[in-house]
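Structure file protein.txt (compact mmCIF, N, CA and C atoms) follows.
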```txt
# COMPACT_ATOMS: atom_id res chain seq x y z
N MET A 1 109.15 78.21 60.81
CA MET A 1 109.80 78.67 59.62
C MET A 1 110.90 79.67 59.97
N ALA A 2 110.66 80.50 60.98
CA ALA A 2 111.67 81.46 61.39
C ALA A 2 112.91 80.75 61.91
N ILE A 3 112.70 79.65 62.62
CA ILE A 3 113.84 78.88 63.14
C ILE A 3 114.63 78.28 61.98
N ALA A 4 113.94 77.76 60.97
CA ALA A 4 114.62 77.18 59.81
C ALA A 4 115.46 78.23 59.08
N TYR A 5 114.90 79.42 58.89
CA TYR A 5 115.67 80.49 58.23
C TYR A 5 116.86 80.93 59.08
N SER A 6 116.67 80.97 60.38
CA SER A 6 117.76 81.34 61.27
C SER A 6 118.88 80.31 61.21
N LEU A 7 118.52 79.03 61.25
CA LEU A 7 119.53 77.97 61.15
C LEU A 7 120.25 78.03 59.81
N ARG A 8 119.51 78.27 58.75
CA ARG A 8 120.12 78.36 57.42
C ARG A 8 121.08 79.54 57.33
N ARG A 9 120.72 80.64 57.96
CA ARG A 9 121.57 81.83 57.93
C ARG A 9 122.86 81.60 58.71
N TRP A 10 122.78 80.89 59.84
CA TRP A 10 123.96 80.69 60.69
C TRP A 10 124.75 79.43 60.34
N SER A 11 124.23 78.56 59.49
CA SER A 11 124.91 77.29 59.22
C SER A 11 126.29 77.45 58.57
N PRO A 12 126.51 78.36 57.63
CA PRO A 12 127.86 78.45 57.06
C PRO A 12 128.95 78.79 58.09
N ILE A 13 128.70 79.77 58.94
CA ILE A 13 129.72 80.14 59.93
C ILE A 13 129.85 79.08 61.02
N THR A 14 128.72 78.50 61.42
CA THR A 14 128.75 77.47 62.46
C THR A 14 129.52 76.24 62.00
N THR A 15 129.26 75.80 60.78
CA THR A 15 129.97 74.62 60.29
C THR A 15 131.44 74.92 60.03
N LEU A 16 131.77 76.14 59.63
CA LEU A 16 133.17 76.50 59.45
C LEU A 16 133.91 76.47 60.79
N LEU A 17 133.30 77.02 61.83
CA LEU A 17 133.91 76.98 63.16
C LEU A 17 134.03 75.54 63.66
N ALA A 18 133.01 74.72 63.40
CA ALA A 18 133.07 73.31 63.81
C ALA A 18 134.18 72.58 63.06
N ALA A 19 134.34 72.87 61.78
CA ALA A 19 135.40 72.22 61.01
C ALA A 19 136.78 72.59 61.54
N ILE A 20 136.96 73.85 61.88
CA ILE A 20 138.24 74.29 62.44
C ILE A 20 138.48 73.62 63.78
N ALA A 21 137.43 73.55 64.62
CA ALA A 21 137.57 72.91 65.94
C ALA A 21 137.89 71.43 65.81
N VAL A 22 137.20 70.72 64.90
CA VAL A 22 137.46 69.29 64.71
C VAL A 22 138.85 69.08 64.13
N LEU A 23 139.28 69.91 63.20
CA LEU A 23 140.63 69.79 62.65
C LEU A 23 141.67 69.98 63.75
N ALA A 24 141.49 70.99 64.60
CA ALA A 24 142.42 71.22 65.70
C ALA A 24 142.42 70.02 66.67
N LEU A 25 141.25 69.47 66.94
CA LEU A 25 141.15 68.32 67.84
C LEU A 25 141.83 67.09 67.24
N VAL A 26 141.64 66.86 65.95
CA VAL A 26 142.28 65.72 65.28
C VAL A 26 143.79 65.87 65.31
N VAL A 27 144.29 67.05 65.01
CA VAL A 27 145.75 67.29 65.04
C VAL A 27 146.28 67.08 66.45
N TRP A 28 145.56 67.57 67.44
CA TRP A 28 145.99 67.45 68.83
C TRP A 28 145.98 65.99 69.31
N LEU A 29 144.96 65.22 68.91
CA LEU A 29 144.84 63.84 69.35
C LEU A 29 145.65 62.84 68.52
N TRP A 30 146.04 63.23 67.33
CA TRP A 30 146.67 62.30 66.39
C TRP A 30 147.91 61.63 66.97
N ARG A 31 148.79 62.38 67.55
CA ARG A 31 150.07 61.85 68.02
C ARG A 31 149.90 60.83 69.15
N GLY A 32 148.98 61.10 70.07
CA GLY A 32 148.83 60.20 71.21
C GLY A 32 147.83 59.08 70.99
N THR A 33 147.23 59.03 69.82
CA THR A 33 146.22 58.02 69.54
C THR A 33 146.87 56.77 68.96
N ARG A 34 146.36 55.62 69.38
CA ARG A 34 146.85 54.36 68.83
C ARG A 34 146.36 54.20 67.40
N TRP A 35 147.04 53.38 66.64
CA TRP A 35 146.79 53.27 65.21
C TRP A 35 145.36 52.86 64.88
N TRP A 36 144.71 52.03 65.70
CA TRP A 36 143.36 51.57 65.37
C TRP A 36 142.29 52.63 65.65
N ARG A 37 142.64 53.69 66.37
CA ARG A 37 141.68 54.77 66.61
C ARG A 37 141.82 55.93 65.63
N LYS A 38 142.89 55.93 64.89
CA LYS A 38 143.11 57.02 63.92
C LYS A 38 142.05 57.05 62.80
N PRO A 39 141.56 55.90 62.32
CA PRO A 39 140.48 55.98 61.32
C PRO A 39 139.23 56.70 61.85
N ALA A 40 138.94 56.57 63.14
CA ALA A 40 137.79 57.27 63.72
C ALA A 40 138.01 58.78 63.67
N LEU A 41 139.23 59.21 63.90
CA LEU A 41 139.54 60.64 63.81
C LEU A 41 139.38 61.15 62.36
N VAL A 42 139.85 60.34 61.42
CA VAL A 42 139.73 60.72 60.01
C VAL A 42 138.26 60.79 59.60
N ILE A 43 137.47 59.80 60.04
CA ILE A 43 136.04 59.80 59.71
C ILE A 43 135.34 61.02 60.31
N ALA A 44 135.65 61.36 61.55
CA ALA A 44 135.05 62.55 62.17
C ALA A 44 135.41 63.80 61.39
N LEU A 45 136.65 63.90 60.96
CA LEU A 45 137.08 65.06 60.18
C LEU A 45 136.37 65.11 58.82
N LEU A 46 136.27 63.96 58.15
CA LEU A 46 135.61 63.93 56.84
C LEU A 46 134.12 64.27 56.95
N LEU A 47 133.44 63.77 57.98
CA LEU A 47 132.03 64.10 58.18
C LEU A 47 131.84 65.59 58.43
N THR A 48 132.72 66.17 59.21
CA THR A 48 132.62 67.60 59.49
C THR A 48 132.89 68.42 58.24
N LEU A 49 133.89 68.04 57.45
CA LEU A 49 134.18 68.76 56.21
C LEU A 49 133.04 68.63 55.20
N THR A 50 132.40 67.46 55.18
CA THR A 50 131.25 67.26 54.30
C THR A 50 130.09 68.17 54.72
N ALA A 51 129.82 68.23 56.00
CA ALA A 51 128.75 69.12 56.49
C ALA A 51 129.08 70.58 56.19
N THR A 52 130.34 70.93 56.31
CA THR A 52 130.76 72.30 56.01
C THR A 52 130.53 72.63 54.54
N TRP A 53 130.85 71.69 53.65
CA TRP A 53 130.63 71.90 52.23
C TRP A 53 129.14 72.02 51.91
N PHE A 54 128.31 71.09 52.47
CA PHE A 54 126.87 71.12 52.19
C PHE A 54 126.21 72.37 52.74
N ALA A 55 126.73 72.94 53.81
CA ALA A 55 126.14 74.15 54.37
C ALA A 55 126.28 75.34 53.42
N ARG A 56 127.19 75.25 52.49
CA ARG A 56 127.42 76.33 51.54
C ARG A 56 126.73 76.08 50.20
N GLN A 57 125.99 75.00 50.08
CA GLN A 57 125.31 74.65 48.84
C GLN A 57 123.83 74.98 48.95
N ASN A 58 123.23 75.27 47.84
CA ASN A 58 121.79 75.46 47.78
C ASN A 58 121.20 74.24 47.10
N HIS A 59 120.86 73.24 47.90
CA HIS A 59 120.40 71.98 47.34
C HIS A 59 119.05 72.10 46.65
N PHE A 60 118.30 73.15 46.91
CA PHE A 60 117.03 73.33 46.20
C PHE A 60 117.28 73.61 44.72
N GLU A 61 118.40 74.25 44.40
CA GLU A 61 118.73 74.47 42.99
C GLU A 61 119.07 73.16 42.30
N TRP A 62 119.55 72.18 43.04
CA TRP A 62 119.83 70.88 42.44
C TRP A 62 118.54 70.15 42.13
N MET A 63 117.58 70.22 43.06
CA MET A 63 116.33 69.48 42.91
C MET A 63 115.36 70.17 41.97
N PHE A 64 115.24 71.48 42.08
CA PHE A 64 114.25 72.23 41.31
C PHE A 64 114.99 73.09 40.29
N ASN A 65 115.25 72.50 39.15
CA ASN A 65 116.01 73.15 38.11
C ASN A 65 115.06 73.93 37.21
N PRO A 66 114.99 75.27 37.37
CA PRO A 66 114.05 76.03 36.56
C PRO A 66 114.42 76.00 35.08
N LEU A 67 113.41 76.14 34.25
CA LEU A 67 113.65 76.23 32.81
C LEU A 67 114.34 77.56 32.52
N PRO A 68 115.57 77.54 31.98
CA PRO A 68 116.27 78.80 31.78
C PRO A 68 115.70 79.63 30.64
N ASN A 69 115.37 79.01 29.54
CA ASN A 69 114.82 79.72 28.38
C ASN A 69 113.59 78.96 27.89
N ALA A 70 112.51 79.15 28.60
CA ALA A 70 111.29 78.42 28.24
C ALA A 70 110.79 78.88 26.88
N ALA A 71 110.48 77.91 26.05
CA ALA A 71 109.93 78.19 24.72
C ALA A 71 108.49 77.69 24.71
N TYR A 72 107.61 78.49 24.19
CA TYR A 72 106.19 78.16 24.20
C TYR A 72 105.69 77.99 22.79
N ALA A 73 104.68 77.14 22.67
CA ALA A 73 104.09 76.87 21.37
C ALA A 73 102.62 77.26 21.40
N LYS A 74 102.10 77.66 20.25
CA LYS A 74 100.68 77.92 20.15
C LYS A 74 99.95 76.58 20.26
N THR A 75 98.69 76.65 20.65
CA THR A 75 97.91 75.44 20.84
C THR A 75 97.89 74.60 19.57
N SER A 76 97.79 75.24 18.43
CA SER A 76 97.74 74.49 17.16
C SER A 76 99.07 73.82 16.83
N ASP A 77 100.19 74.33 17.38
CA ASP A 77 101.51 73.79 17.10
C ASP A 77 101.99 72.80 18.16
N ALA A 78 101.20 72.59 19.19
CA ALA A 78 101.63 71.73 20.30
C ALA A 78 101.29 70.28 20.01
N GLY A 79 101.94 69.70 19.01
CA GLY A 79 101.70 68.31 18.62
C GLY A 79 102.18 67.30 19.64
N PHE A 80 103.05 67.73 20.54
CA PHE A 80 103.57 66.82 21.57
C PHE A 80 102.57 66.60 22.70
N MET A 81 101.49 67.37 22.72
CA MET A 81 100.47 67.23 23.76
C MET A 81 99.34 66.33 23.26
N THR A 82 98.76 65.59 24.19
CA THR A 82 97.60 64.78 23.88
C THR A 82 96.41 65.31 24.69
N ASP A 83 95.24 64.83 24.38
CA ASP A 83 94.05 65.26 25.12
C ASP A 83 94.08 64.79 26.57
N ALA A 84 94.85 63.75 26.85
CA ALA A 84 94.92 63.21 28.21
C ALA A 84 95.94 63.95 29.09
N ASP A 85 96.79 64.79 28.49
CA ASP A 85 97.81 65.50 29.27
C ASP A 85 97.17 66.57 30.15
N MET A 86 97.62 66.62 31.38
CA MET A 86 97.16 67.66 32.31
C MET A 86 98.06 68.88 32.17
N VAL A 87 97.47 70.06 32.37
CA VAL A 87 98.21 71.31 32.30
C VAL A 87 97.82 72.20 33.48
N MET A 88 98.71 73.12 33.82
CA MET A 88 98.38 74.21 34.74
C MET A 88 98.11 75.41 33.85
N ALA A 89 96.99 76.06 34.07
CA ALA A 89 96.62 77.18 33.22
C ALA A 89 96.57 78.47 34.03
N VAL A 90 97.01 79.55 33.39
CA VAL A 90 96.99 80.88 34.00
C VAL A 90 96.36 81.84 33.00
N GLU A 91 95.46 82.69 33.49
CA GLU A 91 94.88 83.73 32.64
C GLU A 91 95.03 85.06 33.36
N SER A 92 95.52 86.06 32.64
CA SER A 92 95.70 87.39 33.22
C SER A 92 95.54 88.43 32.13
N ASN A 93 94.68 89.39 32.35
CA ASN A 93 94.45 90.50 31.42
C ASN A 93 94.15 90.03 30.00
N GLY A 94 93.35 88.99 29.88
CA GLY A 94 92.96 88.50 28.56
C GLY A 94 93.98 87.61 27.89
N ASP A 95 95.11 87.39 28.48
CA ASP A 95 96.15 86.51 27.93
C ASP A 95 96.16 85.23 28.76
N ALA A 96 96.46 84.10 28.14
CA ALA A 96 96.46 82.82 28.85
C ALA A 96 97.70 82.01 28.48
N ALA A 97 98.12 81.16 29.41
CA ALA A 97 99.24 80.24 29.18
C ALA A 97 98.94 78.94 29.90
N ALA A 98 99.43 77.86 29.34
CA ALA A 98 99.25 76.54 29.95
C ALA A 98 100.61 75.87 30.04
N TYR A 99 100.88 75.23 31.17
CA TYR A 99 102.16 74.57 31.42
C TYR A 99 101.90 73.09 31.63
N PRO A 100 102.46 72.23 30.76
CA PRO A 100 102.23 70.79 30.89
C PRO A 100 102.79 70.26 32.22
N ILE A 101 101.97 69.48 32.90
CA ILE A 101 102.37 68.92 34.20
C ILE A 101 103.59 68.02 34.05
N ARG A 102 103.66 67.24 32.98
CA ARG A 102 104.81 66.32 32.84
C ARG A 102 106.13 67.06 32.71
N LEU A 103 106.12 68.28 32.18
CA LEU A 103 107.35 69.08 32.14
C LEU A 103 107.57 69.79 33.48
N MET A 104 106.49 70.27 34.07
CA MET A 104 106.61 70.95 35.35
C MET A 104 107.03 69.99 36.46
N ALA A 105 106.67 68.73 36.34
CA ALA A 105 107.04 67.75 37.37
C ALA A 105 108.55 67.56 37.43
N TYR A 106 109.23 67.81 36.33
CA TYR A 106 110.69 67.70 36.33
C TYR A 106 111.35 69.01 36.74
N HIS A 107 110.93 70.10 36.13
CA HIS A 107 111.60 71.39 36.38
C HIS A 107 111.04 72.12 37.59
N HIS A 108 109.77 71.92 37.91
CA HIS A 108 109.10 72.48 39.08
C HIS A 108 108.87 73.99 39.03
N VAL A 109 109.65 74.73 38.27
CA VAL A 109 109.53 76.19 38.28
C VAL A 109 109.71 76.72 36.86
N VAL A 110 108.86 77.67 36.49
CA VAL A 110 109.03 78.38 35.22
C VAL A 110 108.69 79.84 35.45
N GLN A 111 109.50 80.72 34.89
CA GLN A 111 109.24 82.16 34.95
C GLN A 111 108.61 82.56 33.63
N ASP A 112 107.58 83.37 33.71
CA ASP A 112 106.87 83.74 32.49
C ASP A 112 106.22 85.10 32.71
N THR A 113 105.72 85.67 31.63
CA THR A 113 104.91 86.88 31.69
C THR A 113 103.62 86.58 30.96
N VAL A 114 102.51 86.71 31.65
CA VAL A 114 101.21 86.43 31.08
C VAL A 114 100.36 87.69 31.22
N GLY A 115 99.89 88.20 30.12
CA GLY A 115 99.07 89.42 30.15
C GLY A 115 99.82 90.61 30.72
N GLY A 116 101.13 90.66 30.48
CA GLY A 116 101.94 91.77 30.98
C GLY A 116 102.32 91.66 32.45
N THR A 117 101.92 90.57 33.11
CA THR A 117 102.23 90.37 34.53
C THR A 117 103.29 89.28 34.67
N PRO A 118 104.45 89.61 35.22
CA PRO A 118 105.46 88.58 35.44
C PRO A 118 104.97 87.60 36.53
N LEU A 119 105.23 86.32 36.30
CA LEU A 119 104.82 85.33 37.29
C LEU A 119 105.82 84.20 37.35
N VAL A 120 105.74 83.45 38.42
CA VAL A 120 106.51 82.23 38.58
C VAL A 120 105.50 81.12 38.83
N ALA A 121 105.46 80.16 37.92
CA ALA A 121 104.56 79.01 38.09
C ALA A 121 105.40 77.87 38.66
N THR A 122 104.84 77.20 39.65
CA THR A 122 105.57 76.10 40.28
C THR A 122 104.63 74.92 40.49
N TYR A 123 105.20 73.72 40.49
CA TYR A 123 104.43 72.51 40.67
C TYR A 123 105.19 71.59 41.59
```

If you convert what's in this file into structure tokens, what do you get?
Amino acid sequence: MAIAYSLRRWSPITTLLAAIAVLALVVWLWRGTRWWRKPALVIALLLTLTATWFARQNHFEWMFNPLPNAAYAKTSDAGFMTDADMVMAVESNGDAAAYPIRLMAYHHVVQDTVGGTPLVATY
């Protein structure tokens, strides 16, 4: 895990330096390269620029889209739930909350306060 965090921390600068190096190499090789090899130079440059762009993105935010303004219903008002629906339940200081699995399977993360304790529920 430490290696993964280290790679993630260094990836933006490393990919930026690689993009600059590949751009310089493409410019340097362009003039002396025959026409049928120039597409390979362009592809190498595009792949490097793509990696540089992705290194600056947080793809976990794309996959795990937290509920920004979660709205909760009382048990008696939750007509959208059936007896067969699974939920994740949390109880804290006499207060309880349940999160439907079918909603959590899409959003994966919800921030809430249950019994005065802030929590993050994830699935």

inquiry  = I need the residue nearest Val110 of chain A from this list: A:Ala24, A:Met88, A:Leu46, A:Ala96. Use only C-alpha atoms for the distance.
reply    =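 Checking each candidate against Val110 of chain A, we get A:Met88 as the closest.
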
Shortest interatomic distance to Thr52 of chain A - which of A:Ser76, A:Gln111, A:Ser11, A:Thr117, counting only C-alpha atoms = A:Ser11

query = Which residues come within 7 Å of Gly116 of chain A, counting all atoms listed in the file, excluding same-chain residues fewer than 3 positions away, as a PyMOL selection string?
reply = chain A and resi 92-93+95+113

task = Any chance you could list, as number ranges by chain, the residues in chain A that come up alpha helix (DSSP H) when DSSP is run on the backbone?
result = A: 2-30, 38-55, 59-63, 101-107

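With distances restricted to all atoms listed in the file, A:Leu49 is the closest residue to Ala18 of chain A from A:Leu103, A:Val42, A:Leu49, A:Ala73.
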
request  = as a list of chain:residue names, list the residues of segment 21-108 of chain A assigned to strand (DSSP E or B) by DSSP on the backbone atoms of this structure.
outcome  =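 Taking segment 21-108 of chain A and keeping strand (DSSP E or B) only, one gets A:Val87, A:Met88, A:Ala89, A:Val90, A:Glu91, A:Ser92, A:Asp95, A:Ala96, A:Ala97, A:Ala98, A:Tyr99, A:Pro100.
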
Distance in Å - atom CA of Thr50 of chain A versus atom C of Ala105 of chain A =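 Between these atoms lies a distance of 28.3 Å.
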
inquiry  = Residues within 12 Å of Ile13 of chain A, please, as a PyMOL selection string. Count only C-alpha atoms; anything in the same chain fewer than 6 positions from it doesn't count.
reply    = chain A and resi 7+19-20+51-53+55-56

Pick from A:Arg102, A:His108, A:Leu23, A:Ala78, whichever lies nearest to Ala44 of chain A using only C-alpha atoms =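 Of A:Arg102, A:His108, A:Leu23, A:Ala78, the one nearest Ala44 of chain A, counting only C-alpha atoms, is A:Leu23.
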
query = Of the candidates A:Thr33, A:Asp112, A:Thr14, A:Leu47, which one gets nearest to Val90 of chain A if we count only C-alpha atoms?
reply = A:Asp112

task = In Å, rounded to a single decimal, give me how far atom CA of Thr48 of chain A is from atom CA of Leu29 of chain A.
result =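 That distance, rounded to one decimal, is 16.1 Å.
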
key: Gap from atom CA of Ala4 of chain A to atom CA of Leu16 of chain A - Å, one decimal   =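 Atom-to-atom, atom CA of Ala4 of chain A to atom CA of Leu16 of chain A, that is 18.6 Å.
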
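Minimum atom-to-atom distances from A:Val114, A:Val27, A:Met63, A:Ala121 to Glu91 of chain A were compared using all atoms listed in the file, and the lowest value belongs to A:Val114.
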
Student task, segment 84-112 of chain A output with N, CA and C atoms as an mmCIF file, in the first residue's frame:
```cif
data_model
loop_
_atom_site.group_PDB
_atom_site.id
_atom_site.type_symbol
_atom_site.label_atom_id
_atom_site.label_comp_id
_atom_site.auth_asym_id
_atom_site.auth_seq_id
_atom_site.Cartn_x
_atom_site.Cartn_y
_atom_site.Cartn_z
ATOM 1 N N ALA A 84 -38.232 -7.592 0.631
ATOM 2 C CA ALA A 84 -37.104 -8.363 0.093
ATOM 3 C C ALA A 84 -35.840 -7.513 -0.078
ATOM 4 N N ASP A 85 -35.953 -6.191 0.036
ATOM 5 C CA ASP A 85 -34.788 -5.315 -0.146
ATOM 6 C C ASP A 85 -33.819 -5.463 1.021
ATOM 7 N N MET A 86 -32.549 -5.556 0.686
ATOM 8 C CA MET A 86 -31.503 -5.611 1.710
ATOM 9 C C MET A 86 -31.067 -4.191 2.055
ATOM 10 N N VAL A 87 -30.690 -3.987 3.316
ATOM 11 C CA VAL A 87 -30.216 -2.686 3.773
ATOM 12 C C VAL A 87 -28.967 -2.878 4.623
ATOM 13 N N MET A 88 -28.177 -1.814 4.708
ATOM 14 C CA MET A 88 -27.093 -1.740 5.687
ATOM 15 C C MET A 88 -27.640 -0.893 6.830
ATOM 16 N N ALA A 89 -27.518 -1.392 8.033
ATOM 17 C CA ALA A 89 -28.077 -0.682 9.180
ATOM 18 C C ALA A 89 -26.966 -0.249 10.127
ATOM 19 N N VAL A 90 -27.148 0.945 10.698
ATOM 20 C CA VAL A 90 -26.206 1.490 11.668
ATOM 21 C C VAL A 90 -27.008 1.980 12.866
ATOM 22 N N GLU A 91 -26.532 1.663 14.068
ATOM 23 C CA GLU A 91 -27.156 2.167 15.280
ATOM 24 C C GLU A 91 -26.077 2.801 16.141
ATOM 25 N N SER A 92 -26.346 4.009 16.619
ATOM 26 C CA SER A 92 -25.385 4.714 17.460
ATOM 27 C C SER A 92 -26.139 5.617 18.421
ATOM 28 N N ASN A 93 -25.861 5.486 19.695
ATOM 29 C CA ASN A 93 -26.463 6.324 20.740
ATOM 30 C C ASN A 93 -27.989 6.347 20.672
ATOM 31 N N GLY A 94 -28.588 5.203 20.418
ATOM 32 C CA GLY A 94 -30.044 5.115 20.395
ATOM 33 C C GLY A 94 -30.684 5.565 19.095
ATOM 34 N N ASP A 95 -29.922 6.028 18.144
ATOM 35 C CA ASP A 95 -30.437 6.451 16.845
ATOM 36 C C ASP A 95 -30.037 5.394 15.820
ATOM 37 N N ALA A 96 -30.862 5.165 14.811
ATOM 38 C CA ALA A 96 -30.568 4.144 13.802
ATOM 39 C C ALA A 96 -30.840 4.688 12.402
ATOM 40 N N ALA A 97 -30.119 4.147 11.425
ATOM 41 C CA ALA A 97 -30.325 4.490 10.021
ATOM 42 C C ALA A 97 -30.100 3.237 9.188
ATOM 43 N N ALA A 98 -30.819 3.156 8.087
ATOM 44 C CA ALA A 98 -30.670 2.020 7.174
ATOM 45 C C ALA A 98 -30.449 2.564 5.771
ATOM 46 N N TYR A 99 -29.522 1.965 5.050
ATOM 47 C CA TYR A 99 -29.165 2.401 3.694
ATOM 48 C C TYR A 99 -29.460 1.258 2.735
ATOM 49 N N PRO A 100 -30.376 1.466 1.777
ATOM 50 C CA PRO A 100 -30.724 0.399 0.837
ATOM 51 C C PRO A 100 -29.507 -0.001 -0.014
ATOM 52 N N ILE A 101 -29.291 -1.298 -0.110
ATOM 53 C CA ILE A 101 -28.150 -1.813 -0.871
ATOM 54 C C ILE A 101 -28.253 -1.430 -2.339
ATOM 55 N N ARG A 102 -29.456 -1.439 -2.906
ATOM 56 C CA ARG A 102 -29.571 -1.120 -4.341
ATOM 57 C C ARG A 102 -29.163 0.321 -4.641
ATOM 58 N N LEU A 103 -29.318 1.230 -3.687
ATOM 59 C CA LEU A 103 -28.831 2.594 -3.886
ATOM 60 C C LEU A 103 -27.335 2.689 -3.583
ATOM 61 N N MET A 104 -26.907 1.985 -2.552
ATOM 62 C CA MET A 104 -25.491 2.002 -2.192
ATOM 63 C C MET A 104 -24.632 1.330 -3.260
ATOM 64 N N ALA A 105 -25.191 0.361 -3.967
ATOM 65 C CA ALA A 105 -24.428 -0.328 -5.011
ATOM 66 C C ALA A 105 -24.074 0.619 -6.150
ATOM 67 N N TYR A 106 -24.852 1.661 -6.340
ATOM 68 C CA TYR A 106 -24.537 2.642 -7.383
ATOM 69 C C TYR A 106 -23.628 3.748 -6.848
ATOM 70 N N HIS A 107 -23.982 4.314 -5.714
ATOM 71 C CA HIS A 107 -23.233 5.463 -5.199
ATOM 72 C C HIS A 107 -22.026 5.055 -4.354
ATOM 73 N N HIS A 108 -22.091 3.915 -3.698
ATOM 74 C CA HIS A 108 -21.005 3.334 -2.909
ATOM 75 C C HIS A 108 -20.680 4.081 -1.622
ATOM 76 N N VAL A 109 -20.982 5.359 -1.523
ATOM 77 C CA VAL A 109 -20.583 6.138 -0.353
ATOM 78 C C VAL A 109 -21.714 7.098 0.020
ATOM 79 N N VAL A 110 -21.988 7.189 1.322
ATOM 80 C CA VAL A 110 -22.922 8.195 1.814
ATOM 81 C C VAL A 110 -22.373 8.734 3.133
ATOM 82 N N GLN A 111 -22.451 10.044 3.293
ATOM 83 C CA GLN A 111 -22.047 10.683 4.544
ATOM 84 C C GLN A 111 -23.312 10.963 5.340
ATOM 85 N N ASP A 112 -23.253 10.671 6.617
ATOM 86 C CA ASP A 112 -24.443 10.822 7.442
ATOM 87 C C ASP A 112 -24.008 11.087 8.883
#
```
